[in-house]
$ cat upload-v5.txt   # compact mmCIF, C-alpha atoms
# COMPACT_ATOMS: atom_id res chain seq x y z
CA MET A 21 -20.73 33.00 31.50
CA LYS A 22 -19.67 29.49 30.58
CA ILE A 23 -18.05 28.78 27.25
CA ASP A 24 -18.44 25.32 25.77
CA THR A 25 -16.34 24.01 22.94
CA PHE A 26 -16.06 20.65 21.26
CA PHE A 27 -14.00 18.67 18.84
CA ASN A 28 -15.96 16.91 16.14
CA LEU A 29 -14.32 14.09 14.26
CA ILE A 30 -15.14 13.93 10.57
CA ASP A 31 -14.87 10.72 8.54
CA ASN A 32 -15.12 12.04 4.97
CA ILE A 33 -15.27 8.66 3.26
CA ARG A 34 -16.79 6.55 6.02
CA HIS A 35 -13.96 4.10 6.52
CA PRO A 36 -11.60 3.43 9.44
CA PHE A 37 -8.96 6.03 10.13
CA ALA A 38 -7.50 7.27 13.36
CA VAL A 39 -6.39 10.44 15.03
CA LEU A 40 -5.35 11.10 18.57
CA ILE A 41 -5.63 14.17 20.71
CA THR A 42 -2.46 14.04 22.79
CA SER A 43 -2.83 17.10 24.99
CA LEU A 44 -5.24 19.91 25.64
CA SER A 45 -4.69 23.24 27.29
CA ILE A 46 -7.45 25.52 28.51
CA SER A 47 -10.90 24.43 27.30
CA VAL A 48 -13.59 22.50 25.52
CA ASN A 49 -17.26 21.21 26.17
CA ALA A 50 -19.78 19.52 24.04
CA TYR A 51 -23.28 19.27 22.69
CA ALA A 52 -26.30 18.27 24.79
CA GLN A 53 -25.64 14.96 26.50
CA THR A 54 -23.88 14.75 29.86
CA ASN A 55 -22.30 18.17 30.14
CA PRO A 56 -18.87 18.06 31.81
CA THR A 57 -18.22 20.01 34.99
CA PRO A 58 -16.69 23.33 33.88
CA GLN A 59 -13.04 23.85 34.83
CA THR A 60 -11.57 27.22 35.77
CA PRO A 61 -8.74 28.57 33.57
CA PRO A 62 -5.89 28.32 33.39
CA PHE A 63 -6.72 24.67 32.76
CA SER A 64 -4.50 21.97 31.28
CA GLN A 65 -5.21 18.26 30.91
CA ASN A 66 -2.52 15.59 31.13
CA PHE A 67 -4.02 12.21 30.18
CA GLY A 68 -1.47 10.31 32.29
CA THR A 69 0.84 7.41 31.54
CA THR A 70 -1.55 4.44 31.27
CA THR A 71 -4.72 3.46 29.45
CA PHE A 72 -8.00 4.74 30.89
CA THR A 73 -11.75 4.05 30.65
CA SER A 74 -13.34 7.26 31.92
CA SER A 75 -13.10 10.93 30.97
CA PRO A 76 -11.04 13.24 33.15
CA THR A 77 -13.00 15.87 35.09
CA GLY A 78 -14.24 18.53 32.70
CA PHE A 79 -14.38 16.22 29.66
CA ALA A 80 -17.05 14.07 27.99
CA CYS A 81 -17.29 11.77 24.95
CA TRP A 82 -20.40 11.69 22.77
CA THR A 83 -21.89 9.82 19.84
CA ILE A 84 -23.84 11.73 17.17
CA ASN A 85 -27.01 11.28 15.14
CA SER A 86 -26.41 10.25 11.53
CA SER A 87 -23.05 8.62 12.29
CA PRO A 88 -20.73 8.42 10.49
CA ALA A 89 -20.55 12.04 9.37
CA GLY A 90 -19.57 12.14 5.71
CA SER A 91 -18.41 15.75 5.48
CA GLN A 92 -17.13 18.61 7.58
CA ALA A 93 -20.46 20.46 7.23
CA THR A 94 -22.39 17.38 8.42
CA ALA A 95 -20.10 16.95 11.41
CA GLU A 96 -20.25 20.64 12.34
CA SER A 97 -24.06 20.66 12.34
CA SER A 98 -24.49 17.24 13.98
CA THR A 99 -26.34 16.67 17.23
CA THR A 100 -25.38 14.24 19.93
CA ASN A 101 -27.50 11.22 20.74
CA GLY A 102 -25.70 9.75 23.74
CA ASN A 103 -22.58 9.39 25.78
CA ALA A 104 -19.83 7.32 24.18
CA SER A 105 -17.98 4.75 26.26
CA ILE A 106 -14.20 4.90 26.54
CA THR A 107 -12.26 1.67 26.05
CA ALA A 108 -8.66 1.15 27.16
CA ALA A 109 -6.24 0.53 24.25
CA SER A 110 -2.50 0.18 23.80
CA THR A 111 -2.55 -0.50 20.03
CA SER A 112 -4.33 1.17 17.12
CA GLN A 113 -7.91 -0.02 16.65
CA THR A 114 -10.18 -0.80 13.70
CA THR A 115 -13.49 -0.49 15.57
CA GLY A 116 -14.93 3.02 15.73
CA GLY A 117 -15.09 4.59 19.17
CA CYS A 118 -13.37 6.52 21.93
CA TYR A 119 -10.25 5.09 23.54
CA GLY A 120 -8.06 5.84 26.53
CA TYR A 121 -4.87 5.08 24.62
CA ALA A 122 -1.37 4.73 26.03
CA THR A 123 1.97 3.73 24.52
CA SER A 124 5.46 4.31 25.93
CA SER A 125 3.96 5.64 29.20
CA ASN A 126 2.10 8.41 27.34
CA GLY A 127 -1.70 8.48 27.78
CA ARG A 128 -3.83 10.17 25.12
CA PHE A 129 -7.45 10.43 24.09
CA TYR A 130 -7.94 8.53 20.81
CA ILE A 131 -10.93 8.55 18.46
CA GLN A 132 -11.10 5.81 15.84
CA THR A 133 -13.57 6.48 13.03
CA SER A 134 -15.40 3.80 11.09
CA SER A 135 -18.57 3.19 9.09
CA ASN A 136 -20.30 2.17 12.34
CA ALA A 137 -23.71 3.86 12.75
CA THR A 138 -23.15 4.32 16.50
CA ASN A 139 -19.44 5.07 16.94
CA GLY A 140 -18.31 5.96 13.41
CA THR A 141 -18.04 9.64 14.35
CA ASN A 142 -17.59 10.63 17.99
CA GLN A 143 -16.89 13.88 19.81
CA LEU A 144 -14.53 14.89 22.59
CA ALA A 145 -15.88 17.73 24.72
CA ALA A 146 -14.66 19.78 27.64
CA ALA A 147 -16.00 22.76 29.55
CA ILE A 148 -14.48 25.88 31.06
CA ASP A 149 -16.03 28.58 33.21
CA ALA A 150 -14.98 31.78 31.43
CA THR A 151 -16.97 34.15 33.65
CA GLY A 152 -15.23 37.53 33.50
CA LEU A 153 -12.43 36.24 31.25
CA GLY A 154 -11.35 37.16 27.72
CA ASN A 155 -8.69 36.09 25.22
CA ILE A 156 -9.31 32.39 25.96
CA VAL A 157 -6.69 30.28 24.18
CA VAL A 158 -7.34 26.64 23.31
CA ALA A 159 -4.17 24.64 22.59
CA TYR A 160 -4.21 20.99 21.53
CA ASP A 161 -2.36 18.42 19.44
CA VAL A 162 -3.80 15.98 16.90
CA GLU A 163 -1.70 12.87 16.21
CA MET A 164 -2.17 10.50 13.28
CA ILE A 165 -2.29 6.97 14.72
CA SER A 166 -3.16 4.88 11.65
CA ALA A 167 -2.52 6.72 8.37
CA ASN A 168 -5.04 5.74 5.72
CA PRO A 169 -5.89 6.96 2.20
CA ARG A 170 -9.29 8.16 3.41
CA THR A 171 -9.45 11.73 4.68
CA ILE A 172 -10.24 12.29 8.36
CA GLY A 173 -10.82 15.54 10.17
CA VAL A 174 -11.21 17.34 13.46
CA VAL A 175 -12.82 20.73 14.03
CA LEU A 176 -12.96 22.89 17.16
CA GLN A 177 -16.25 24.64 17.94
CA TYR A 178 -17.53 26.62 20.91
CA ARG A 179 -20.78 27.94 22.32
CA LEU A 180 -21.82 30.03 25.31
CA GLY A 181 -23.60 27.94 27.92
CA THR A 182 -24.81 24.37 27.56
CA SER A 183 -27.29 24.87 24.72
CA GLY A 184 -27.64 26.82 21.52
CA SER A 185 -25.69 26.98 18.30
CA TRP A 186 -22.01 26.23 17.81
CA THR A 187 -19.38 28.39 16.13
CA THR A 188 -16.37 26.89 14.35
CA VAL A 189 -13.08 28.44 15.42
CA SER A 190 -11.16 29.85 12.46
CA GLY A 191 -8.01 27.86 11.72
CA SER A 192 -9.16 24.75 13.61
CA VAL A 193 -9.96 22.42 10.73
CA TYR A 194 -7.74 19.31 10.52
CA ALA A 195 -8.34 17.26 7.33
CA HIS A 196 -5.59 14.82 6.38
CA ASN A 197 -4.86 11.32 5.07
CA SER A 198 -1.85 9.12 4.31
CA SER A 199 -0.86 11.30 1.33
CA ASP A 200 0.25 14.09 3.67
CA ARG A 201 0.48 12.50 7.15
CA SER A 202 2.28 9.39 8.43
CA ASN A 203 1.72 7.42 11.63
CA GLY A 204 2.96 9.52 14.54
CA ASN A 205 2.72 12.90 12.77
CA ILE A 206 1.46 15.57 15.18
CA ASP A 207 -0.28 18.83 14.27
CA SER A 208 -0.40 21.45 17.04
CA TYR A 209 -3.07 24.12 17.41
CA ASN A 210 -3.02 27.29 19.51
CA LEU A 211 -6.26 29.18 18.86
CA THR A 212 -7.88 32.19 20.54
CA LEU A 213 -11.65 32.08 20.98
CA PRO A 214 -13.50 35.18 19.74
CA ALA A 215 -14.66 37.74 22.32

$ encode --input "upload-v5.txt" --output "structure tokens"
Amino acid sequence: MKIDTFFNLIDNIRHPFAVLITSLSISVNAYAQTNPTPQTPPFSQNFGTTTFTSSPTGFACWTINSSPAGSQATAESSTTNGNASITAASTSQTTGGCYGYATSSNGRFYIQTSSNATNGTNQLAAAIDATGLGNIVVAYDVEMISANPRTIGVVLQYRLGTSGSWTTVSGSVYAHNSSDRSNGNIDSYNLTLPA
């Protein structure tokens, strides 16, 4: 049995705002575009020390229909419409999209939201092969890159296989803005997928 999970970025007010996933441990996959090659747990991803322009093995980046998503519910029920490109970056961006971001020799995956109809809301996905496994833990960090008054969010979802409906993991919703997060603030998650 393969378990797929994905992060869905939510731009609640449809304006630029940035978050950064700095590290991932164990798993994630995505909707229905190019499905990543499943990795076998235990699985941890280090994004390196420099900028990058392609997804590491086991990961994919996607655009969604009806971008930008204007609410958590819209983002959670969205469907993908293509693979998103990854652009190298060493500074915060204002154009929506997926970035292979690096500063101070620390590479991270960075999603910049915007009002752009193509890249205003993107998804990071990864896949694990959970055949015969249980108590799968997904650990990841979300870093605020460019604090803004507009609320931004990330949600972790999973599914079994490469098609079908998604389930939101309890406790995975990240929804913050400059009133409660500053540039560089990191929120860490350590969540167990249901049986």

$ residues_near_point --input "upload-v5.txt" --point "(-16.9, 8.9, 19.1)" --cutoff "12 Å" --atoms "only C-alpha atoms" --output "CSV table (one decimal) with C-alpha atoms, in the frame of the given file"
chain,number,residue,atom,x,y,z
A,26,PHE,CA,-16.1,20.6,21.3
A,27,PHE,CA,-14.0,18.7,18.8
A,28,ASN,CA,-16.0,16.9,16.1
A,29,LEU,CA,-14.3,14.1,14.3
A,30,ILE,CA,-15.1,13.9,10.6
A,31,ASP,CA,-14.9,10.7,8.5
A,38,ALA,CA,-7.5,7.3,13.4
A,39,VAL,CA,-6.4,10.4,15.0
A,40,LEU,CA,-5.4,11.1,18.6
A,80,ALA,CA,-17.0,14.1,28.0
A,81,CYS,CA,-17.3,11.8,25.0
A,82,TRP,CA,-20.4,11.7,22.8
A,83,THR,CA,-21.9,9.8,19.8
A,84,ILE,CA,-23.8,11.7,17.2
A,85,ASN,CA,-27.0,11.3,15.1
A,87,SER,CA,-23.0,8.6,12.3
A,88,PRO,CA,-20.7,8.4,10.5
A,89,ALA,CA,-20.6,12.0,9.4
A,95,ALA,CA,-20.1,17.0,11.4
A,100,THR,CA,-25.4,14.2,19.9
A,101,ASN,CA,-27.5,11.2,20.7
A,102,GLY,CA,-25.7,9.8,23.7
A,103,ASN,CA,-22.6,9.4,25.8
A,104,ALA,CA,-19.8,7.3,24.2
A,105,SER,CA,-18.0,4.8,26.3
A,106,ILE,CA,-14.2,4.9,26.5
A,107,THR,CA,-12.3,1.7,26.0
A,115,THR,CA,-13.5,-0.5,15.6
A,116,GLY,CA,-14.9,3.0,15.7
A,117,GLY,CA,-15.1,4.6,19.2
A,118,CYS,CA,-13.4,6.5,21.9
A,119,TYR,CA,-10.2,5.1,23.5
A,120,GLY,CA,-8.1,5.8,26.5
A,129,PHE,CA,-7.4,10.4,24.1
A,130,TYR,CA,-7.9,8.5,20.8
A,131,ILE,CA,-10.9,8.6,18.5
A,132,GLN,CA,-11.1,5.8,15.8
A,133,THR,CA,-13.6,6.5,13.0
A,134,SER,CA,-15.4,3.8,11.1
A,135,SER,CA,-18.6,3.2,9.1
A,136,ASN,CA,-20.3,2.2,12.3
A,137,ALA,CA,-23.7,3.9,12.8
A,138,THR,CA,-23.2,4.3,16.5
A,139,ASN,CA,-19.4,5.1,16.9
A,140,GLY,CA,-18.3,6.0,13.4
A,141,THR,CA,-18.0,9.6,14.4
A,142,ASN,CA,-17.6,10.6,18.0
A,143,GLN,CA,-16.9,13.9,19.8
A,144,LEU,CA,-14.5,14.9,22.6
A,145,ALA,CA,-15.9,17.7,24.7
A,174,VAL,CA,-11.2,17.3,13.5

$ closest_atom_pairs --input "upload-v5.txt" --of "stretch 92-203 of chain A" --to "stretch 65-70 of chain A" --cutoff "6 Å" --atoms "only C-alpha atoms" --output "Markdown table"
| residue | atom | partner | partner_atom | distance |
| --- | --- | --- | --- | --- |
| A:Ala122 | CA | A:Thr70 | CA | 5.3 |
| A:Ser125 | CA | A:Thr69 | CA | 4.3 |
| A:Asn126 | CA | A:Thr69 | CA | 4.5 |
| A:Gly127 | CA | A:Thr69 | CA | 4.7 |
| A:Arg128 | CA | A:Phe67 | CA | 5.5 |

$ closest_atom_pairs --input "upload-v5.txt" --of "stretch 150-174 of chain A" --to "stretch 188-203 of chain A" --cutoff "6 Å" --atoms "all atoms listed in the file" --output "CSV"
residue,atom,partner,partner_atom,distance
A:Met164,CA,A:Asn203,CA,5.2
A:Ile165,CA,A:Asn203,CA,5.1
A:Ser166,CA,A:Asn203,CA,5.5
A:Ala167,CA,A:Ser198,CA,4.8
A:Asn168,CA,A:Ser198,CA,4.9
A:Pro169,CA,A:Ser198,CA,5.0
A:Arg170,CA,A:Asn197,CA,5.7
A:Thr171,CA,A:Asn197,CA,4.6
A:Ile172,CA,A:Ala195,CA,5.4
A:Gly173,CA,A:Ala195,CA,4.1
A:Val174,CA,A:Tyr194,CA,5.0

$ atom_distance --input "upload-v5.txt" --atom1 "atom CA of A:Pro76" --atom2 "atom CA of A:Thr94"
27.5 Å

$ closest_residue --input "upload-v5.txt" --among "A:Gln113, A:Ala147, A:Glu96, A:Leu153" --to "A:Leu176" --atoms "all atoms listed in the file"
A:Glu96

$ residues_around --input "upload-v5.txt" --residues "stretch 204-213 of chain A" --least-positions-apart "4" --cutoff "7 Å" --atoms "only C-alpha atoms" --output "NGL selection string"
:A and (155-165 or 189)

$ atom_distance --input "upload-v5.txt" --atom1 "atom CA of A:Ser64" --atom2 "atom CA of A:Thr114"
29.3 Å

$ closest_residue --input "upload-v5.txt" --among "A:Thr151, A:Thr187, A:Thr73, A:Thr111" --to "A:Pro58" --atoms "only C-alpha atoms"
A:Thr151

$ atom_distance --input "upload-v5.txt" --atom1 "atom CA of A:Ala109" --atom2 "atom CA of A:Phe79"
18.5 Å

$ axis_aligned_box --input "upload-v5.txt" --around "stretch 150-160 of chain A" --padding-each-side "5 Å" --output "JSON"
{"center_x": -10.6, "center_y": 29.3, "center_z": 27.6, "size_x": 22.8, "size_y": 26.5, "size_z": 22.1}
